[in-house]
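**Student:** Structure supplied as start16.cif; contents: mmCIF, C-alpha atoms.
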```
data_input
loop_
_atom_site.label_atom_id
_atom_site.label_comp_id
_atom_site.auth_asym_id
_atom_site.auth_seq_id
_atom_site.Cartn_x
_atom_site.Cartn_y
_atom_site.Cartn_z
CA THR W 18 -7.71 17.54 2.40
CA LYS W 19 -8.04 14.25 4.29
CA VAL W 20 -5.25 11.73 4.87
CA TRP W 21 -5.50 8.12 6.12
CA ILE W 22 -2.17 6.74 7.37
CA ASN W 23 -1.45 2.99 7.30
CA SER W 24 0.58 1.22 9.99
CA GLY W 25 4.36 1.54 9.89
CA SER W 26 4.14 4.87 8.04
CA VAL W 27 5.74 8.27 8.57
CA VAL W 28 4.18 11.48 7.25
CA VAL W 29 5.95 14.83 7.60
CA TYR W 30 3.98 18.01 6.96
CA PRO W 31 4.12 21.67 8.04
CA VAL W 32 1.82 23.22 10.60
CA GLU W 33 0.63 25.53 7.83
CA PHE W 34 1.16 25.38 4.07
CA THR W 35 2.93 28.53 2.86
CA GLY W 36 4.32 29.33 -0.57
CA GLU W 37 3.10 28.14 -3.96
CA THR W 38 2.63 24.43 -3.16
CA ARG W 39 1.24 22.15 -0.46
CA GLU W 40 3.92 19.51 0.19
CA ILE W 41 4.13 16.48 2.47
CA TYR W 42 6.74 13.72 2.77
CA VAL W 43 5.74 10.05 3.06
CA GLU W 44 7.51 6.81 3.93
CA GLY W 45 4.93 4.04 4.12
CA GLU W 46 1.35 4.06 2.88
CA ILE W 47 -1.31 6.77 2.85
CA TYR W 48 -4.64 7.38 1.18
CA LEU W 49 -5.51 11.00 0.35
CA GLU W 50 -8.55 12.97 -0.67
CA VAL W 51 -7.03 16.27 -1.76
CA ALA W 52 -9.08 19.47 -1.77
CA ARG W 53 -8.83 21.18 -5.14
CA ASN W 54 -6.77 24.37 -5.23
CA GLU W 55 -5.34 25.13 -8.67
CA GLU W 56 -3.24 27.96 -7.27
CA LYS W 57 -1.51 25.65 -4.73
CA PRO W 58 -0.84 22.17 -6.16
CA PHE W 59 -0.53 19.35 -3.63
CA ILE W 60 2.72 17.36 -3.82
CA VAL W 61 3.43 14.06 -2.06
CA LYS W 62 7.17 13.47 -1.82
CA THR W 63 8.59 9.96 -1.35
CA PRO W 64 12.17 8.66 -1.56
CA ASP W 65 11.58 7.55 -5.19
CA CYS W 66 9.10 10.00 -6.67
CA ASP W 67 6.89 13.05 -6.36
CA VAL W 68 3.14 12.82 -6.92
CA ARG W 69 1.61 16.12 -8.08
CA VAL W 70 -2.16 16.73 -7.83
CA LEU W 71 -4.72 19.51 -7.92
CA GLY W 72 -7.75 17.73 -6.45
CA THR W 73 -8.15 13.97 -6.34
CA ALA W 74 -8.24 10.75 -4.29
CA PHE W 75 -5.33 8.30 -4.46
CA ASN W 76 -3.15 5.83 -2.54
CA VAL W 77 0.64 6.01 -2.19
CA SER W 78 2.66 3.01 -0.97
CA SER W 79 6.34 3.75 -0.41
CA TYR W 80 7.66 1.56 2.39
CA LYS W 81 11.42 1.76 2.80
CA ASN W 82 11.96 -2.02 2.97
CA GLU W 83 9.84 -2.90 -0.10
CA ALA W 84 11.28 -3.18 -3.60
CA VAL W 85 8.17 -1.87 -5.36
CA HIS W 86 6.58 1.49 -4.57
CA SER W 87 3.24 2.43 -6.08
CA VAL W 88 0.60 5.09 -6.68
CA VAL W 89 -3.05 4.11 -7.33
CA LEU W 90 -5.55 6.70 -8.58
CA VAL W 91 -9.17 6.48 -7.38
CA HIS W 92 -10.52 9.62 -9.08
CA GLY W 93 -9.18 12.87 -10.46
CA SER W 94 -5.73 13.06 -12.01
CA VAL W 95 -2.15 12.77 -10.76
CA GLU W 96 1.29 12.99 -12.31
CA VAL W 97 4.10 10.82 -10.93
CA GLN W 98 7.69 11.93 -11.41
CA ASN W 99 10.30 9.20 -11.04
CA PHE W 100 13.63 10.58 -9.78
CA ALA W 101 15.83 7.78 -11.14
CA GLN W 102 14.75 8.36 -14.76
CA ASN W 103 13.47 11.91 -14.40
CA LYS W 104 10.38 10.56 -16.16
CA ARG W 105 6.77 11.71 -15.66
CA MET W 106 3.65 9.58 -16.00
CA LYS W 107 0.02 10.73 -15.78
CA LEU W 108 -2.62 8.45 -14.30
CA VAL W 109 -6.35 8.28 -14.91
CA PRO W 110 -8.80 6.66 -12.45
CA ASN W 111 -8.32 2.92 -11.86
CA GLU W 112 -4.66 3.01 -12.86
CA LYS W 113 -1.60 2.08 -10.83
CA VAL W 114 2.02 2.98 -11.42
CA ASP W 115 4.75 0.81 -9.92
CA ILE W 116 8.29 2.09 -9.39
CA ALA W 117 10.90 -0.64 -9.03
CA GLY W 118 14.62 -0.47 -9.65
CA GLY W 119 14.23 3.00 -11.12
CA GLU W 120 11.71 1.77 -13.74
CA MET W 121 8.05 2.84 -13.94
CA SER W 122 5.20 0.59 -15.13
CA LYS W 123 1.49 1.43 -15.43
CA TYR W 124 -1.47 -0.99 -15.04
CA ALA W 125 -5.27 -0.95 -14.96
CA VAL W 126 -6.42 -2.14 -11.50
CA ASP W 127 -9.37 -2.49 -9.17
CA VAL W 128 -8.58 0.37 -6.77
CA ARG W 129 -10.41 -1.36 -3.89
CA ASP W 130 -7.56 -3.88 -3.69
CA TYR W 131 -5.21 -1.01 -2.80
CA THR W 132 -7.43 1.28 -0.74
CA SER W 133 -9.59 -1.09 1.35
CA TRP W 134 -7.10 -0.97 4.24
CA LYS W 135 -8.41 2.50 5.16
CA ASP W 136 -11.85 0.96 5.71
CA GLY W 137 -10.51 -1.87 7.91
CA PHE W 138 -10.24 -4.60 5.26
CA LEU W 139 -7.61 -6.17 3.05
CA THR W 140 -8.93 -7.27 -0.32
CA PHE W 141 -6.86 -9.10 -2.91
CA HIS W 142 -7.39 -10.92 -6.21
CA ASP W 143 -4.99 -13.62 -7.39
CA GLU W 144 -2.17 -12.02 -5.37
CA PRO W 145 0.98 -13.86 -4.30
CA PHE W 146 0.45 -15.18 -0.76
CA THR W 147 3.77 -13.62 0.28
CA ASN W 148 2.40 -10.15 -0.62
CA VAL W 149 -0.74 -10.76 1.44
CA MET W 150 1.35 -11.92 4.41
CA ALA W 151 3.61 -8.86 4.10
CA ARG W 152 0.54 -6.62 4.39
CA ILE W 153 -0.74 -8.59 7.39
CA ALA W 154 2.70 -8.47 9.06
CA ARG W 155 2.88 -4.71 8.66
CA TYR W 156 -0.65 -4.16 9.98
CA TYR W 157 -0.27 -6.43 13.03
CA ASN W 158 3.42 -5.57 13.60
CA VAL W 159 4.70 -9.15 13.37
CA LYS W 160 7.53 -10.82 11.45
CA ILE W 161 6.87 -13.52 8.90
CA MET W 162 9.12 -16.56 8.61
CA TYR W 163 8.69 -19.12 5.82
CA LYS W 164 9.77 -22.76 6.06
CA GLN W 165 9.07 -25.51 3.54
CA TYR W 166 6.97 -23.06 1.62
CA ASN W 167 5.64 -23.08 -1.97
CA ALA W 168 6.26 -19.54 -3.24
CA ARG W 169 3.82 -20.03 -6.18
CA LEU W 170 0.81 -19.99 -3.83
CA ARG W 171 -1.70 -17.25 -4.78
CA CYS W 172 -4.91 -16.18 -3.10
CA SER W 173 -8.03 -14.05 -3.38
CA GLY W 174 -10.25 -12.83 -0.60
CA LYS W 175 -11.12 -10.24 1.99
CA LEU W 176 -9.80 -10.03 5.56
CA ASN W 177 -11.35 -7.98 8.34
CA LEU W 178 -8.50 -6.03 9.97
CA ASN W 179 -10.66 -5.24 12.98
CA GLU W 180 -10.36 -8.86 14.11
CA ASP W 181 -7.46 -9.97 16.26
CA LEU W 182 -4.51 -11.73 14.66
CA GLU W 183 -5.58 -15.17 15.90
CA LYS W 184 -8.86 -14.96 13.96
CA VAL W 185 -7.01 -13.80 10.83
CA ILE W 186 -4.62 -16.77 11.16
CA GLN W 187 -7.59 -19.16 11.53
CA SER W 188 -9.21 -17.68 8.41
CA LEU W 189 -6.05 -18.10 6.38
CA GLU W 190 -5.49 -21.66 7.57
CA GLY W 191 -9.09 -22.53 6.82
CA THR W 192 -9.00 -21.29 3.24
CA MET W 193 -5.36 -21.79 2.20
CA SER W 194 -3.19 -24.90 2.24
CA VAL W 195 -0.90 -23.37 4.87
CA SER W 196 -0.07 -23.96 8.50
CA ILE W 197 0.74 -20.90 10.63
CA GLN W 198 2.37 -21.12 14.04
CA ARG W 199 2.73 -18.04 16.22
CA SER W 200 5.62 -17.57 18.61
CA ASN W 201 5.99 -14.21 20.32
CA ASN W 202 6.11 -11.60 17.55
CA LYS W 203 6.72 -14.06 14.68
CA LEU W 204 4.51 -16.12 12.40
CA TYR W 205 6.02 -19.33 10.97
CA ILE W 206 4.36 -20.36 7.72
CA SER W 207 4.60 -23.69 5.94
CA ASN W 208 2.51 -25.56 3.37
CA LYS W 209 0.25 -28.24 4.84
CA ASN W 210 1.16 -30.59 2.02
CA LEU W 211 4.96 -30.34 2.41
#
```
What's the structure tokens form of this structure?
**Tutor:**
Amino acid sequence: TKVWINSGSVVVYPVEFTGETREIYVEGEIYLEVARNEEKPFIVKTPDCDVRVLGTAFNVSSYKNEAVHSVVLVHGSVEVQNFAQNKRMKLVPNEKVDIAGGEMSKYAVDVRDYTSWKDGFLTFHDEPFTNVMARIARYYNVKIMYKQYNARLRCSGKLNLNEDLEKVIQSLEGTMSVSIQRSNNKLYISNKNL
């Protein structure tokens, strides 16, 4: 089994898996490629749900300060159990389940939008700009401040996370109608037209 751990994440696991299951605990975001072992299912525990697998590849996003937690299936099969409703939902490849306010919702998605971070890129399609900035803030460990900002702004694109933050800011300013000022560990964002 291989695990990629995104910035700002905590993963707790034993030195050796004993017993009938292989269990880890996650707060944050991870991508997993789980080795198949039908006799020892792999379980990812988060504050909101358990994800049970036999052998598969998937992404789990469960940051403590975000309202929506999600599981995206790349290949194989997973079952997500929501604690609030004690409800189970099975996913097939290219599906995403969101857990928000105790409710679960399932969608068809392009998995690359949710797994590209492990390859050093952020990809997004018609995503709210605030969501993109939240991902950038987490990756570069900065705070985002909005002033005179149009919350309806959406964007599509691909950002290279191997570049420094200044180049990412220049890319965003060059393609979006935003102005971004950096001061210490904060980014101040406003619309150019406001």
**Student:** List, as a PyMOL selection string, every residue that the PyMOL selection byres ((chain W and resi 196) around 7) selects in the file provided.
**Tutor:** chain W and resi 190+195+197-198+206-209
**Student:** To one decimal place, how far is atom CA of Leu49 of chain W from atom CA of Lys19 of chain W in Å?
**Tutor:**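 Spanning atom CA of Leu49 of chain W to atom CA of Lys19 of chain W is a straight-line distance of 5.7 Å.
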**Student:** Using the chain letters and numbering of this document, enumerate as a list in words the residues selected by the PyMOL selection byres ((chain W and resi 146) around 7).
**Tutor:**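 Residues picked by the PyMOL selection byres ((chain W and resi 146) around 7): Glu144, Pro145, Thr147, Asn148, Val149, Met150, Leu170, Arg171 and Cys172 of chain W.
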**Student:** Which residues would end up in the selection if the PyMOL selection byres ((chain W and resi 39) around 8) were applied here, given that I need the answer as a PyMOL selection string?
**Tutor:** chain W and resi 34-38+40-41+57-60
**Student:** For the atom pair atom CA of Tyr157 of chain W and atom CA of Asp130 of chain W, what is the interatomic distance in Å to one decimal place?
**Tutor:**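 These two atoms are separated by 18.4 Å.
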**Student:** Please identify all polymer residues lying at most 12 Å from the point (5.4, -9.4, 10.3) (file coordinates), using only C-alpha atoms, and present the result as a ChimeraX atom specification.
**Tutor:** /W:24-25,147-163,182,199-206
**Student:** What's the 12 Å shell around Asp136 of chain W, counting only C-alpha atoms, without same-chain residues fewer than 6 positions away, as a list in words?
**Tutor:**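 The residues that qualify are Trp21, Ile22, Asn23, Tyr48, Arg129, Asp130, Lys175, Leu176, Asn177, Leu178 and Asn179 of chain W.
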**Student:** Atom CA of Met106 of chain W to atom CA of Tyr124 of chain W: how many Å, to one decimal?
**Tutor:**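 Result for atom CA of Met106 of chain W versus atom CA of Tyr124 of chain W: 11.8 Å, one decimal.
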**Student:** So which residues touch Thr63 of chain W within 7 Å, counting only C-alpha atoms, skipping near sequence neighbours fewer than 5 positions away, as a list in words?
**Tutor:**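 Residues near the query, excluding close chain neighbours: Tyr42, Val43, Glu44 and Ser79 of chain W.
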**Student:** Please, could you write that set of residues out with C-alpha atoms as a short mmCIF file (atom, residue, chain, number, x, y, z; two decimals), in the frame of the given file?
**Tutor:**
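Result file selection_34.cif:
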```cif
data_model
loop_
_atom_site.label_atom_id
_atom_site.label_comp_id
_atom_site.auth_asym_id
_atom_site.auth_seq_id
_atom_site.Cartn_x
_atom_site.Cartn_y
_atom_site.Cartn_z
CA TYR W 42 6.74 13.72 2.77
CA VAL W 43 5.74 10.05 3.06
CA GLU W 44 7.51 6.81 3.93
CA SER W 79 6.34 3.75 -0.41
#
```
**Student:** Excluding Thr192 of chain W and its own-chain neighbours fewer than 5 positions away, which residues fall within 10 Å of it when counting only C-alpha atoms? Please give them as a PyMOL selection string.
**Tutor:** chain W and resi 172-174+187
**Student:** Would you list the residues near (-7.8, 10.9, -18.3), meaning any protein, DNA or RNA residue with an atom at most 12 Å from that point in file coordinates, counting all atoms listed in the file, as a ChimeraX atom specification?
**Tutor:** /W:90-96,106-112
**Student:** Create the file for the chosen residues now, containing C-alpha atoms and written as a short mmCIF file (atom, residue, chain, number, x, y, z; two decimals), in the frame of the given file.
**Tutor:**
```
data_model
loop_
_atom_site.label_atom_id
_atom_site.label_comp_id
_atom_site.auth_asym_id
_atom_site.auth_seq_id
_atom_site.Cartn_x
_atom_site.Cartn_y
_atom_site.Cartn_z
CA LEU W 90 -5.55 6.70 -8.58
CA VAL W 91 -9.17 6.48 -7.38
CA HIS W 92 -10.52 9.62 -9.08
CA GLY W 93 -9.18 12.87 -10.46
CA SER W 94 -5.73 13.06 -12.01
CA VAL W 95 -2.15 12.77 -10.76
CA GLU W 96 1.29 12.99 -12.31
CA MET W 106 3.65 9.58 -16.00
CA LYS W 107 0.02 10.73 -15.78
CA LEU W 108 -2.62 8.45 -14.30
CA VAL W 109 -6.35 8.28 -14.91
CA PRO W 110 -8.80 6.66 -12.45
CA ASN W 111 -8.32 2.92 -11.86
CA GLU W 112 -4.66 3.01 -12.86
#
```
**Student:** Which one of W:Val114, W:Ile186, W:Val77, W:Val89 sits closest to Asp127 of chain W if you count all atoms listed in the file?
**Tutor:** W:Val89
**Student:** With distances taken over all atoms listed in the file, which of W:Val29, W:Glu83, W:Thr132, W:Val68 is nearest to Lys104 of chain W?
**Tutor:** W:Val68
**Student:** Given all atoms listed in the file as the basis, pick out the residue of W:Arg53, W:Val128, W:Ala101, W:Ala117 nearest to Asn76 of chain W.
**Tutor:**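 When distances to Asn76 of chain W are compared using all atoms listed in the file, the smallest one comes from W:Val128.
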**Student:** Leaving out Asn103 of chain W and any residue of its chain fewer than 5 positions from it, which residues lie within 10 Å of it when counting all atoms listed in the file, given as a PyMOL selection string?
**Tutor:** chain W and resi 66+98+119
**Student:** Would you kindly return, as a list of chain:residue names, each protein, DNA or RNA residue with an atom no farther than 8 Å from any atom of segment 84-86 of chain W, considering all atoms listed in the file and excluding same-chain residues fewer than 2 positions away?
**Tutor:**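 My reading of the contact set: W:Asp65, W:Val77, W:Ser78, W:Ser79, W:Tyr80, W:Asn82, W:Val88, W:Asp115, W:Ile116, W:Ala117, W:Gly118.
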**Student:** I need the residue nearest Lys81 of chain W from this list: W:Ser133, W:Val51, W:Lys123, W:Glu46. Use all atoms listed in the file for the distance.
**Tutor:**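 Checking each candidate against Lys81 of chain W, we get W:Glu46 as the closest.
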